[in-house]
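**Q** mmCIF, C-alpha atoms, saved as protein-v4.cif, coming up:
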```
data_start
#
loop_
_atom_site.label_atom_id
_atom_site.label_comp_id
_atom_site.auth_asym_id
_atom_site.auth_seq_id
_atom_site.Cartn_x
_atom_site.Cartn_y
_atom_site.Cartn_z
CA MET A 1 321.46 -14.56 290.37
CA ALA A 2 317.88 -14.81 291.59
CA ALA A 3 316.85 -11.94 293.80
CA PRO A 4 315.86 -13.05 297.28
CA ARG A 5 312.14 -12.52 297.88
CA ILE A 6 311.38 -9.39 299.83
CA LEU A 7 309.88 -10.51 303.09
CA THR A 8 306.97 -8.64 304.59
CA ALA A 9 307.16 -7.58 308.20
CA ALA A 10 304.71 -10.32 309.15
CA ALA A 11 306.66 -13.00 307.33
CA LEU A 12 309.85 -11.71 308.86
CA THR A 13 308.39 -11.94 312.33
CA ALA A 14 307.10 -15.43 311.63
CA ALA A 15 310.44 -16.52 310.23
CA LEU A 16 312.30 -15.16 313.25
CA ALA A 17 309.79 -16.67 315.65
CA GLY A 18 310.26 -20.00 313.93
CA GLY A 19 313.97 -19.69 314.41
CA ALA A 20 314.53 -19.96 310.68
CA TRP A 21 316.14 -17.32 308.56
CA ALA A 22 316.14 -18.44 304.98
CA ALA A 23 316.09 -16.41 301.81
CA GLU A 24 313.87 -18.02 299.23
CA THR A 25 313.74 -18.05 295.48
CA ALA A 26 310.19 -17.21 294.37
CA PRO A 27 308.59 -19.64 291.91
CA ALA A 28 308.89 -17.23 288.98
CA GLU A 29 312.59 -16.64 289.75
CA VAL A 30 313.70 -20.27 289.62
CA ARG A 31 316.50 -20.70 287.07
CA PHE A 32 316.43 -23.84 284.98
CA ASP A 33 319.46 -25.34 283.31
CA GLY A 34 317.61 -27.43 280.76
CA SER A 35 315.22 -29.37 282.96
CA ALA A 36 317.47 -29.20 286.02
CA VAL A 37 317.62 -26.59 288.79
CA PRO A 38 321.17 -26.52 290.13
CA GLN A 39 320.64 -23.85 292.78
CA ARG A 40 318.89 -24.53 296.06
CA LEU A 41 315.64 -22.62 296.53
CA THR A 42 316.49 -21.71 300.12
CA ASP A 43 319.59 -20.94 302.14
CA ALA A 44 318.72 -23.60 304.66
CA PRO A 45 319.54 -27.11 303.47
CA GLY A 46 316.75 -29.63 303.03
CA ASP A 47 315.82 -31.97 305.83
CA PRO A 48 315.25 -35.58 304.69
CA ALA A 49 313.02 -36.49 307.63
CA ARG A 50 310.68 -33.58 306.93
CA GLY A 51 310.84 -34.39 303.23
CA ARG A 52 309.74 -37.95 303.93
CA ALA A 53 306.68 -36.59 305.77
CA VAL A 54 305.86 -34.23 302.89
CA PHE A 55 306.14 -37.20 300.50
CA ILE A 56 303.46 -39.08 302.43
CA ASP A 57 301.15 -36.18 303.35
CA ARG A 58 298.06 -36.17 301.12
CA LYS A 59 297.70 -32.40 301.43
CA LEU A 60 301.34 -31.65 300.64
CA GLY A 61 303.50 -33.73 298.29
CA ASN A 62 301.23 -36.77 298.21
CA CYS A 63 304.00 -38.32 296.10
CA LEU A 64 302.88 -41.75 297.29
CA ALA A 65 299.61 -41.27 295.38
CA CYS A 66 301.48 -41.99 292.17
CA HIS A 67 304.87 -43.47 293.13
CA ALA A 68 305.56 -46.68 295.01
CA ASN A 69 308.41 -46.46 297.51
CA SER A 70 309.85 -49.44 299.42
CA ASP A 71 311.30 -47.11 302.03
CA MET A 72 307.76 -46.64 303.33
CA ALA A 73 306.44 -50.15 302.79
CA ASP A 74 304.41 -49.86 306.00
CA GLU A 75 302.34 -47.03 304.48
CA PRO A 76 299.23 -48.38 302.70
CA PHE A 77 298.22 -47.51 299.14
CA HIS A 78 301.24 -46.90 296.98
CA GLY A 79 300.24 -45.50 293.60
CA GLU A 80 300.99 -46.97 290.19
CA ILE A 81 300.87 -43.87 288.00
CA GLY A 82 304.55 -42.88 287.95
CA PRO A 83 307.70 -44.99 288.23
CA PRO A 84 308.62 -46.48 291.62
CA LEU A 85 311.16 -44.28 293.37
CA ASP A 86 313.42 -46.97 294.81
CA GLY A 87 316.98 -45.98 293.96
CA VAL A 88 315.85 -42.70 292.40
CA ALA A 89 319.04 -40.99 293.65
CA ASP A 90 321.11 -43.42 291.58
CA ARG A 91 319.32 -42.30 288.45
CA TRP A 92 319.07 -38.54 288.86
CA SER A 93 321.29 -35.84 290.26
CA GLU A 94 320.21 -33.39 292.94
CA ALA A 95 319.73 -30.64 290.33
CA GLU A 96 317.65 -32.92 288.12
CA LEU A 97 315.47 -34.04 291.01
CA ARG A 98 314.92 -30.43 292.03
CA GLY A 99 313.98 -29.56 288.45
CA ILE A 100 311.50 -32.45 288.27
CA LEU A 101 309.89 -31.36 291.52
CA VAL A 102 309.71 -27.68 290.61
CA ASN A 103 308.22 -28.36 287.17
CA SER A 104 308.42 -31.87 285.75
CA LYS A 105 307.00 -30.74 282.42
CA LYS A 106 310.44 -29.36 281.53
CA ALA A 107 311.84 -32.90 281.69
CA PHE A 108 308.77 -34.90 280.63
CA GLU A 109 306.55 -33.18 278.12
CA GLY A 110 302.87 -33.90 278.64
CA THR A 111 303.38 -35.61 281.98
CA ILE A 112 300.48 -35.96 284.43
CA MET A 113 302.84 -34.95 287.27
CA PRO A 114 301.99 -31.56 288.78
CA ALA A 115 304.58 -28.80 289.06
CA PHE A 116 305.18 -28.45 292.79
CA TYR A 117 306.78 -25.02 292.75
CA LYS A 118 304.86 -22.97 290.27
CA ASP A 119 302.32 -20.33 291.25
CA SER A 120 300.85 -18.99 288.02
CA GLY A 121 299.61 -20.02 284.62
CA PHE A 122 296.93 -22.36 285.95
CA ASN A 123 293.46 -22.72 284.48
CA ARG A 124 290.72 -21.99 287.08
CA PRO A 125 292.74 -22.82 290.20
CA LEU A 126 290.56 -23.16 293.31
CA ARG A 127 290.45 -19.74 294.95
CA LYS A 128 292.22 -20.88 298.09
CA PHE A 129 295.17 -22.14 296.04
CA ALA A 130 295.28 -19.36 293.46
CA GLY A 131 298.68 -17.69 293.19
CA LYS A 132 300.31 -20.31 295.40
CA PRO A 133 302.64 -23.21 294.66
CA ILE A 134 301.72 -26.69 295.98
CA LEU A 135 304.84 -26.79 298.17
CA THR A 136 306.95 -24.08 299.78
CA ALA A 137 310.56 -23.63 298.72
CA GLN A 138 311.69 -25.30 301.94
CA GLN A 139 309.36 -28.26 301.41
CA VAL A 140 310.77 -28.74 297.91
CA GLU A 141 314.30 -28.74 299.36
CA ASP A 142 313.20 -31.18 302.07
CA VAL A 143 311.77 -33.59 299.48
CA VAL A 144 314.92 -33.28 297.35
CA ALA A 145 316.99 -34.12 300.45
CA TYR A 146 314.76 -37.10 301.15
CA LEU A 147 314.88 -38.38 297.56
CA LEU A 148 318.68 -38.21 297.68
CA THR A 149 318.56 -40.84 300.44
CA LEU A 150 316.81 -43.32 298.14
CA LYS A 151 319.82 -45.27 296.85
CA GLU A 152 320.13 -48.87 295.98
CA GLU A 153 323.87 -48.96 295.45
CA MET B 1 327.51 -41.12 284.95
CA THR B 2 327.32 -43.98 282.50
CA ALA B 3 325.84 -46.19 285.19
CA ARG B 4 323.29 -43.50 285.89
CA ILE B 5 322.26 -43.30 282.25
CA ILE B 6 321.86 -47.06 282.05
CA LYS B 7 319.75 -47.09 285.20
CA ARG B 8 317.69 -44.23 283.91
CA ALA B 9 317.08 -46.07 280.67
CA ALA B 10 316.00 -49.10 282.67
CA ALA B 11 313.61 -46.96 284.71
CA LEU B 12 312.18 -45.40 281.55
CA GLY B 13 311.74 -48.92 280.21
CA VAL B 14 309.56 -49.60 283.21
CA ILE B 15 307.52 -46.52 282.40
CA ALA B 16 307.10 -47.57 278.78
CA ALA B 17 306.02 -51.05 279.85
CA MET B 18 303.49 -49.54 282.24
CA GLY B 19 302.18 -47.29 279.48
CA ALA B 20 301.74 -50.22 277.14
CA GLY B 21 300.03 -52.05 280.00
CA ALA B 22 297.12 -49.64 279.73
CA ALA B 23 295.69 -51.86 277.02
CA LEU B 24 295.67 -54.68 279.56
CA ALA B 25 294.39 -52.43 282.29
CA ASP B 26 293.36 -53.89 285.52
CA TYR B 27 289.62 -54.53 285.67
CA ASP B 28 287.71 -57.73 285.97
CA ASP B 29 285.79 -59.89 283.55
CA ASP B 30 282.59 -60.16 285.56
CA GLU B 31 279.35 -59.70 283.66
CA LEU B 32 276.56 -57.54 285.02
CA VAL B 33 273.11 -59.08 285.00
CA ILE B 34 270.25 -57.38 286.85
CA ASP B 35 266.84 -59.02 287.03
CA GLY B 36 267.86 -61.36 284.22
CA VAL B 37 268.86 -58.47 281.94
CA LYS B 38 272.48 -58.47 280.80
CA ILE B 39 273.99 -54.99 280.79
CA ALA B 40 276.94 -54.26 278.52
CA THR B 41 279.83 -53.17 280.76
CA LYS B 42 282.49 -53.60 278.10
CA VAL B 43 282.12 -52.89 274.41
CA PRO B 44 284.64 -52.71 271.60
CA ALA B 45 285.82 -49.23 270.68
CA PRO B 46 285.06 -48.18 267.10
CA PRO B 47 288.00 -47.28 264.85
CA GLY B 48 289.53 -43.93 265.71
CA HIS B 49 288.27 -44.03 269.30
CA PRO B 50 290.81 -42.74 271.82
CA LEU B 51 290.38 -45.84 274.01
CA PRO B 52 291.28 -49.43 273.06
CA GLU B 53 288.06 -50.63 274.71
CA ILE B 54 285.09 -49.00 276.40
CA VAL B 55 284.64 -50.20 279.95
CA SER B 56 282.09 -49.28 282.62
CA GLY B 57 283.27 -48.21 286.05
CA TRP B 58 281.40 -51.23 287.40
CA ARG B 59 284.23 -53.48 286.17
CA PHE B 60 286.75 -51.56 288.26
CA ARG B 61 284.93 -52.01 291.53
CA SER B 62 285.25 -54.76 294.12
CA ASP B 63 283.04 -57.84 293.94
CA GLU B 64 281.16 -56.60 297.00
CA THR B 65 280.34 -53.23 295.40
CA GLN B 66 279.45 -54.93 292.12
CA ALA B 67 277.05 -57.25 293.96
CA LEU B 68 275.17 -54.34 295.53
CA GLU B 69 274.34 -52.96 292.11
CA ALA B 70 273.47 -56.35 290.66
CA ASP B 71 270.64 -56.90 293.13
CA ASP B 72 267.79 -54.39 293.27
CA PHE B 73 266.95 -55.49 296.81
CA GLU B 74 270.47 -54.61 297.91
CA ASN B 75 270.98 -51.48 295.81
CA PRO B 76 270.83 -48.56 298.28
CA ALA B 77 269.56 -46.23 295.54
CA MET B 78 266.26 -48.05 295.16
CA VAL B 79 264.71 -46.06 298.00
CA ALA B 80 265.16 -43.00 295.79
CA VAL B 81 263.64 -44.78 292.80
CA ASP B 82 260.57 -45.56 294.93
CA TYR B 83 260.39 -41.92 295.96
CA GLY B 84 260.66 -41.00 292.28
CA GLN B 85 257.67 -43.20 291.55
CA SER B 86 255.60 -41.38 294.18
CA LEU B 87 256.61 -38.05 292.65
CA TRP B 88 255.72 -39.36 289.19
CA ASP B 89 252.19 -40.04 290.38
CA ALA B 90 251.76 -36.87 292.44
CA VAL B 91 249.89 -33.86 291.07
CA ASP B 92 252.03 -30.72 291.37
CA GLY B 93 251.73 -27.18 289.99
CA GLU B 94 248.93 -24.91 288.81
CA ALA B 95 247.99 -27.07 285.84
CA GLY B 96 246.87 -29.81 288.23
CA LYS B 97 248.91 -32.49 286.51
CA SER B 98 251.33 -35.19 287.49
CA CYS B 99 253.96 -36.76 285.26
CA ALA B 100 251.59 -39.69 284.92
CA SER B 101 248.81 -37.42 283.60
CA CYS B 102 250.68 -37.12 280.31
CA HIS B 103 253.16 -39.97 280.33
CA GLY B 104 251.12 -42.75 281.96
CA ASP B 105 253.07 -45.72 283.19
CA VAL B 106 256.72 -44.75 283.59
CA GLU B 107 257.82 -48.30 282.81
CA GLU B 108 256.23 -48.00 279.38
CA SER B 109 256.64 -44.36 278.39
CA MET B 110 260.21 -43.89 279.63
CA LYS B 111 261.61 -47.16 278.29
CA GLY B 112 265.11 -46.48 276.98
CA VAL B 113 264.70 -42.70 277.11
CA ARG B 114 267.72 -41.87 279.30
CA ALA B 115 270.07 -43.61 276.84
CA GLY B 116 269.48 -40.80 274.31
CA TYR B 117 270.36 -37.85 276.60
CA PRO B 118 271.69 -35.19 276.34
CA LYS B 119 269.46 -34.38 273.39
CA TRP B 120 269.02 -31.25 271.29
CA ASN B 121 266.05 -29.10 272.29
CA GLU B 122 264.95 -26.91 269.43
CA LYS B 123 262.89 -24.52 271.52
CA ALA B 124 265.67 -23.89 274.02
CA GLY B 125 268.31 -23.84 271.30
CA ARG B 126 270.62 -26.00 273.38
CA PRO B 127 271.09 -29.60 274.42
CA PHE B 128 268.85 -30.80 277.22
CA THR B 129 270.13 -33.10 279.90
CA LEU B 130 267.50 -35.27 281.57
CA GLU B 131 267.37 -32.70 284.39
CA ASN B 132 266.67 -29.91 281.87
CA GLN B 133 263.88 -31.95 280.26
CA ILE B 134 262.24 -32.78 283.58
CA ASN B 135 262.27 -29.13 284.63
CA ALA B 136 260.92 -28.00 281.26
CA CYS B 137 258.04 -30.43 281.76
CA ARG B 138 257.45 -29.08 285.23
CA THR B 139 257.51 -25.39 284.38
CA GLU B 140 255.81 -25.51 280.97
CA ASN B 141 253.33 -28.36 281.22
CA MET B 142 252.67 -28.69 284.93
CA LYS B 143 253.12 -24.99 285.79
CA ALA B 144 255.16 -26.17 288.74
CA GLU B 145 258.36 -24.88 290.25
CA PRO B 146 261.57 -26.31 288.74
CA TRP B 147 263.58 -28.61 290.95
CA LYS B 148 267.12 -27.75 291.95
CA TRP B 149 269.78 -29.80 290.14
CA GLU B 150 270.96 -31.75 293.17
CA SER B 151 267.63 -31.82 295.04
CA ARG B 152 266.27 -35.04 296.48
CA GLU B 153 263.35 -34.76 294.06
CA MET B 154 265.47 -34.31 290.94
CA LEU B 155 267.77 -37.18 291.90
CA ALA B 156 264.79 -39.42 292.58
CA MET B 157 263.14 -38.56 289.27
CA THR B 158 266.30 -38.94 287.19
CA ALA B 159 266.96 -42.25 288.95
CA LEU B 160 263.41 -43.46 288.22
CA VAL B 161 263.47 -42.38 284.57
CA GLY B 162 267.04 -43.58 284.14
CA LYS B 163 266.21 -47.02 285.49
CA GLN B 164 263.69 -47.50 282.68
CA ALA B 165 266.64 -47.44 280.27
CA ARG B 166 268.67 -49.99 282.18
CA GLY B 167 270.49 -52.22 279.75
CA TYR B 168 269.80 -49.94 276.79
CA PRO B 169 273.00 -48.93 275.01
CA MET B 170 273.96 -45.32 275.57
CA LYS B 171 273.64 -43.58 272.22
CA ILE B 172 272.91 -39.92 271.62
CA ARG B 173 272.32 -37.95 268.41
CA LYS B 174 275.66 -36.60 267.28
CA ASP B 175 274.69 -34.73 264.15
CA GLY B 176 273.27 -31.28 263.54
CA PRO B 177 273.63 -28.73 266.30
CA MET B 178 274.84 -31.39 268.78
CA ALA B 179 278.12 -31.71 266.91
CA GLU B 180 279.61 -28.47 268.15
CA TRP B 181 278.59 -29.15 271.75
CA ILE B 182 280.23 -32.56 271.59
CA GLU B 183 283.34 -30.94 270.14
CA LYS B 184 283.34 -28.35 272.92
CA GLY B 185 283.06 -31.16 275.48
CA LYS B 186 285.97 -32.96 273.89
CA GLU B 187 288.06 -29.82 274.13
CA LEU B 188 287.27 -29.56 277.83
CA TYR B 189 288.12 -33.24 278.33
CA TYR B 190 291.65 -32.64 277.15
CA THR B 191 292.15 -29.27 278.86
CA ARG B 192 294.26 -29.11 281.99
CA PHE B 193 292.67 -27.40 284.99
CA GLY B 194 293.56 -26.42 288.51
CA GLN B 195 296.71 -26.15 290.58
CA LEU B 196 297.43 -29.83 289.84
CA ASP B 197 297.14 -28.94 286.16
CA MET B 198 295.42 -32.11 284.99
CA ALA B 199 292.94 -32.93 282.26
CA CYS B 200 290.27 -35.66 282.45
CA SER B 201 292.40 -37.62 280.00
CA ASN B 202 295.47 -37.70 282.25
CA CYS B 203 293.69 -40.05 284.65
CA HIS B 204 290.79 -41.59 282.74
CA GLU B 205 292.41 -42.18 279.37
CA ASP B 206 296.13 -42.53 280.11
CA ASN B 207 295.99 -44.26 283.47
CA TYR B 208 292.72 -46.10 283.95
CA GLY B 209 293.10 -49.43 285.68
CA LYS B 210 295.89 -48.16 287.89
CA MET B 211 295.82 -47.20 291.54
CA ILE B 212 296.15 -43.54 292.48
CA ARG B 213 296.80 -43.95 296.18
CA ALA B 214 293.70 -45.86 297.42
CA ASP B 215 291.58 -45.15 294.35
CA HIS B 216 291.32 -47.47 291.40
CA LEU B 217 291.08 -45.27 288.30
CA SER B 218 288.28 -46.09 285.89
CA GLN B 219 287.59 -44.64 282.47
CA GLY B 220 285.17 -42.18 284.03
CA GLN B 221 282.21 -43.46 282.03
CA ILE B 222 278.83 -41.90 282.74
CA ASN B 223 276.35 -44.72 282.07
CA GLY B 224 275.28 -45.16 285.70
CA PHE B 225 274.15 -41.67 286.75
CA PRO B 226 272.63 -40.61 288.99
CA THR B 227 274.87 -42.92 290.98
CA TYR B 228 274.86 -44.02 294.59
CA ARG B 229 278.31 -43.39 296.05
CA PHE B 230 279.45 -44.64 299.44
CA LYS B 231 281.49 -41.46 299.72
CA TRP B 232 278.29 -39.42 299.34
CA GLN B 233 276.13 -41.76 301.40
CA GLY B 234 273.53 -41.20 298.76
CA LEU B 235 272.70 -40.50 295.14
CA GLY B 236 274.45 -37.77 293.24
CA SER B 237 274.24 -36.29 289.78
CA LEU B 238 276.86 -36.57 287.07
CA HIS B 239 277.58 -32.87 287.36
CA ARG B 240 278.25 -33.31 291.08
CA ARG B 241 280.82 -35.95 290.14
CA PHE B 242 282.42 -33.58 287.61
CA SER B 243 282.58 -30.96 290.31
CA GLY B 244 284.28 -33.38 292.73
CA CYS B 245 286.86 -34.31 290.13
CA MET B 246 287.65 -30.65 289.52
CA LYS B 247 288.07 -29.97 293.22
CA ASN B 248 290.40 -32.97 293.47
CA ILE B 249 292.72 -31.32 290.98
CA ARG B 250 292.27 -28.04 292.88
CA ALA B 251 290.26 -26.39 290.14
CA GLU B 252 287.29 -24.07 290.58
CA PRO B 253 284.41 -26.25 289.31
CA PHE B 254 281.90 -25.13 286.72
CA LYS B 255 278.30 -24.91 287.90
CA ARG B 256 275.93 -27.83 287.65
CA GLY B 257 273.95 -27.40 284.45
CA SER B 258 276.54 -24.98 283.01
CA ASP B 259 277.28 -25.01 279.29
CA GLU B 260 280.67 -26.54 280.10
CA PHE B 261 279.26 -29.48 282.07
CA VAL B 262 276.47 -30.07 279.55
CA ALA B 263 279.04 -30.13 276.74
CA LEU B 264 281.26 -32.51 278.71
CA GLU B 265 278.27 -34.75 279.41
CA ALA B 266 277.43 -34.86 275.70
CA TYR B 267 281.01 -35.73 274.78
CA LEU B 268 281.21 -38.44 277.42
CA ALA B 269 277.96 -39.95 276.20
CA VAL B 270 279.60 -40.29 272.79
CA ARG B 271 282.85 -41.54 274.28
CA GLY B 272 280.98 -44.30 276.11
CA GLU B 273 278.57 -45.10 273.30
CA GLY B 274 277.29 -48.64 273.51
CA LEU B 275 277.70 -49.14 277.24
CA GLY B 276 274.49 -50.27 278.88
CA ILE B 277 272.69 -47.81 281.11
CA GLU B 278 273.13 -48.90 284.76
CA THR B 279 271.14 -46.19 286.51
CA PRO B 280 271.13 -46.15 289.47
CA ALA B 281 274.68 -47.53 289.67
CA VAL B 282 276.60 -48.16 292.89
CA ARG B 283 280.18 -46.99 293.27
CA ASN B 284 282.77 -46.07 295.88
#
```
How would this structure read if it were set down as structure tokens?
**A**
Amino acid sequence: MAAPRILTAAALTAALAGGAWAAETAPAEVRFDGSAVPQRLTDAPGDPARGRAVFIDRKLGNCLACHANSDMADEPFHGEIGPPLDGVADRWSEAELRGILVNSKKAFEGTIMPAFYKDSGFNRPLRKFAGKPILTAQQVEDVVAYLLTLKEE
Amino acid sequence: MTARIIKRAAALGVIAAMGAGAALADYDDDELVIDGVKIATKVPAPPGHPLPEIVSGWRFRSDETQALEADDFENPAMVAVDYGQSLWDAVDGEAGKSCASCHGDVEESMKGVRAGYPKWNEKAGRPFTLENQINACRTENMKAEPWKWESREMLAMTALVGKQARGYPMKIRKDGPMAEWIEKGKELYYTRFGQLDMACSNCHEDNYGKMIRADHLSQGQINGFPTYRFKWQGLGSLHRRFSGCMKNIRAEPFKRGSDEFVALEAYLAVRGEGLGIETPAVRN
């Protein structure tokens, strides 16, 4: 069982002010089962609408930079680096999708895809990003929830 | 579950097909001719080269951007080249000399020179980029102050000198003490950096020709520097470009002129050997 991260007083206040009370699994505490992560990173379930926004946002997931996605055909500039994500929920389970988001290198050795929930082991990270993951635990859950809506069946 | 595995296999098939497509990467077949001089923008890769073909970034740009570079009257960098010419002729420093005092007509003395840089400098005991050489001339021969790497003066002078090599195939000395610098540069090329944890090769070797959001990935060849970029609204050095790439992958960049960037420059010169010098090139 992953220990819930100890919240500082400031974070606690912020969390309460935001109306959210969610224990989080810290990046280093994430438990992999092979390349999958079966357990949610937060207590609060993911929100697909927020996940969709994170997918598009260039400063957050920026998933669209590499993956085409018909669900957002009105967005310009779909990337061609990774596979298109249409029907991705038919191909991968929730735990597998979470694992790929947290650290895709466990599933695909040598992939170009960044690990979105990893906060250490980087070579010369820009100071403002040092010690931080690309996405928060909640954002990862939100993207997982969104990806699970991408079904073709 | 079985259906999922089949679908997954199909999706992986798509990935494999896309990977194989790198050999047929998306760039055009236009030829670059400036002032009647044909410039090699695609050359065959020698055996053992990591790329199937060596292609200039010019081929990956739109026809409109290509046209700007192909016409010296349209090329927005030519203002800097003119400024470089005025600096070439201007006396500066305590020795009372200009570049022209020793080197005469730039169009004669600097013919093809840029194509051989970076180049080993025995006295300094390290490779010299063109910027290093220009500053050594200034401090040692002219007794003038060195120019800053990204200064207007340095960009103008490297553009002027570089232009005299336009069309010459990029080819540096690889033997002797250069070998270990080139090797060091190669190591850096394949090292992942930053929060996005990417190496140069992830984009410019594995995925050139593809779109990464609105950007069309090239091979990251260096034969057009200093280059005029629309994004910069002006000329910039190769090391500035390296720095931008590193920030894109959320990595703390090395300094301009650092051993790391000089080594990377030397390796990239070898990696792009044979491409015609395009200085000053025009890019996005």
**Q** Pull out every residue that the PyMOL selection byres ((chain B) within 6 of (chain A)) matches in the shown coordinates and put them as an mmCIF file with C-alpha atoms, in the frame of the given file.
**A**
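Below is the file out-v4.cif, written as the result:
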```cif
data_model
loop_
_atom_site.group_PDB
_atom_site.id
_atom_site.type_symbol
_atom_site.label_atom_id
_atom_site.label_comp_id
_atom_site.auth_asym_id
_atom_site.auth_seq_id
_atom_site.Cartn_x
_atom_site.Cartn_y
_atom_site.Cartn_z
ATOM 1 C CA ARG B 4 323.290 -43.500 285.890
ATOM 2 C CA LYS B 7 319.750 -47.090 285.200
ATOM 3 C CA ARG B 8 317.690 -44.230 283.910
ATOM 4 C CA PHE B 193 292.670 -27.400 284.990
ATOM 5 C CA GLY B 194 293.560 -26.420 288.510
ATOM 6 C CA GLN B 195 296.710 -26.150 290.580
ATOM 7 C CA LEU B 196 297.430 -29.830 289.840
ATOM 8 C CA ASN B 202 295.470 -37.700 282.250
ATOM 9 C CA LYS B 210 295.890 -48.160 287.890
ATOM 10 C CA MET B 211 295.820 -47.200 291.540
ATOM 11 C CA ILE B 212 296.150 -43.540 292.480
ATOM 12 C CA ARG B 213 296.800 -43.950 296.180
ATOM 13 C CA ALA B 214 293.700 -45.860 297.420
ATOM 14 C CA ARG B 250 292.270 -28.040 292.880
ATOM 15 C CA ALA B 251 290.260 -26.390 290.140
ATOM 16 C CA GLU B 252 287.290 -24.070 290.580
#
```
**Q** Once the PyMOL selection byres ((chain A and resi 138) around 10) has been applied to the shown file, what residues remain in the selection, as a list of chain:residue names?
**A**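 On the file shown, the PyMOL selection byres ((chain A and resi 138) around 10) covers A:Ala22, A:Ala23, A:Glu24, A:Thr25, A:Arg40, A:Leu41, A:Thr42, A:Asp43, A:Ala44, A:Pro45, A:Gly46, A:Asp47, A:Arg50, A:Gly51, A:Leu135, A:Thr136, A:Ala137, A:Gln139, A:Val140, A:Glu141, A:Asp142, A:Val143, A:Val144.
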**Q** List the spatial neighbours of Ala45 (chain B) as an mmCIF file with C-alpha atoms, keeping the file's coordinate frame - criterion: any atom at most 10 Å away, only C-alpha atoms, same-chain residues fewer than 6 positions off excluded.
**A**
```cif
data_model
loop_
_atom_site.group_PDB
_atom_site.id
_atom_site.type_symbol
_atom_site.label_atom_id
_atom_site.label_comp_id
_atom_site.auth_asym_id
_atom_site.auth_seq_id
_atom_site.Cartn_x
_atom_site.Cartn_y
_atom_site.Cartn_z
ATOM 1 C CA LEU B 51 290.380 -45.840 274.010
ATOM 2 C CA PRO B 52 291.280 -49.430 273.060
ATOM 3 C CA GLU B 53 288.060 -50.630 274.710
ATOM 4 C CA ILE B 54 285.090 -49.000 276.400
ATOM 5 C CA VAL B 55 284.640 -50.200 279.950
ATOM 6 C CA ARG B 271 282.850 -41.540 274.280
ATOM 7 C CA GLY B 272 280.980 -44.300 276.110
ATOM 8 C CA GLU B 273 278.570 -45.100 273.300
ATOM 9 C CA GLY B 274 277.290 -48.640 273.510
#
```
**Q** To one decimal place in Å, what is the distance between CA of Tyr189 (chain B) and CA of Asn248 (chain B)?
**A**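 These atoms are spaced 15.3 Å apart.
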**Q** Calculate how many Å separate CA of Val37 (chain A) from CA of Asn103 (chain A), rounding to one decimal.
**A**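 CA of Asn103 (chain A) lies 9.7 Å from CA of Val37 (chain A).
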**Q** Evaluate the PyMOL selection byres ((chain B and resi 131-133) around 10) against this structure - the residues, as a list in words, please.
**A**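 Taken on the displayed file, the PyMOL selection byres ((chain B and resi 131-133) around 10) yields the residues Tyr117, Pro118, Lys119, Asn121, Ala124, Pro127, Phe128, Thr129, Leu130, Ile134, Asn135, Ala136, Cys137, Arg138, Pro146, Trp147, Lys148, Trp149, Glu150, Met154, Leu155, Met157, Thr158, Ser237 and Gly257 of chain B.
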**Q** At a cut-off of 8 Å, using all atoms listed in the file, what residues contact Gly276 (chain B)? Leave out same-chain residues fewer than 5 positions from it and give the result as an NGL selection string.
**A** :B and (39-41 or 166-170 or 223)
**Q** Have a look at A:Ala49, A:Ala107, A:Ile56, A:Ile100 and name the one nearest to Met72 (chain A); count only C-alpha atoms.
**A**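 Of A:Ala49, A:Ala107, A:Ile56, A:Ile100, the one nearest Met72 (chain A), counting only C-alpha atoms, is A:Ile56.
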**Q** Which of these, B:Lys186, B:His204, B:Arg173, B:Lys247, has the shortest distance to Glu265 (chain B) once you count only C-alpha atoms?
**A** B:Lys186
**Q** At what distance in Å, to one decimal, does CA of Asp259 (chain B) lie from CA of Glu187 (chain B)?
**A**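 Between CA of Glu187 (chain B) and CA of Asp259 (chain B) the gap is 12.9 Å.
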**Q** Quick one: of B:Ser258, B:Tyr83, B:Met110, B:Val282, who's nearest to Gly185 (chain B), counting only C-alpha atoms?
**A**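 Using only C-alpha atoms, the shortest distance to Gly185 (chain B) belongs to B:Ser258.
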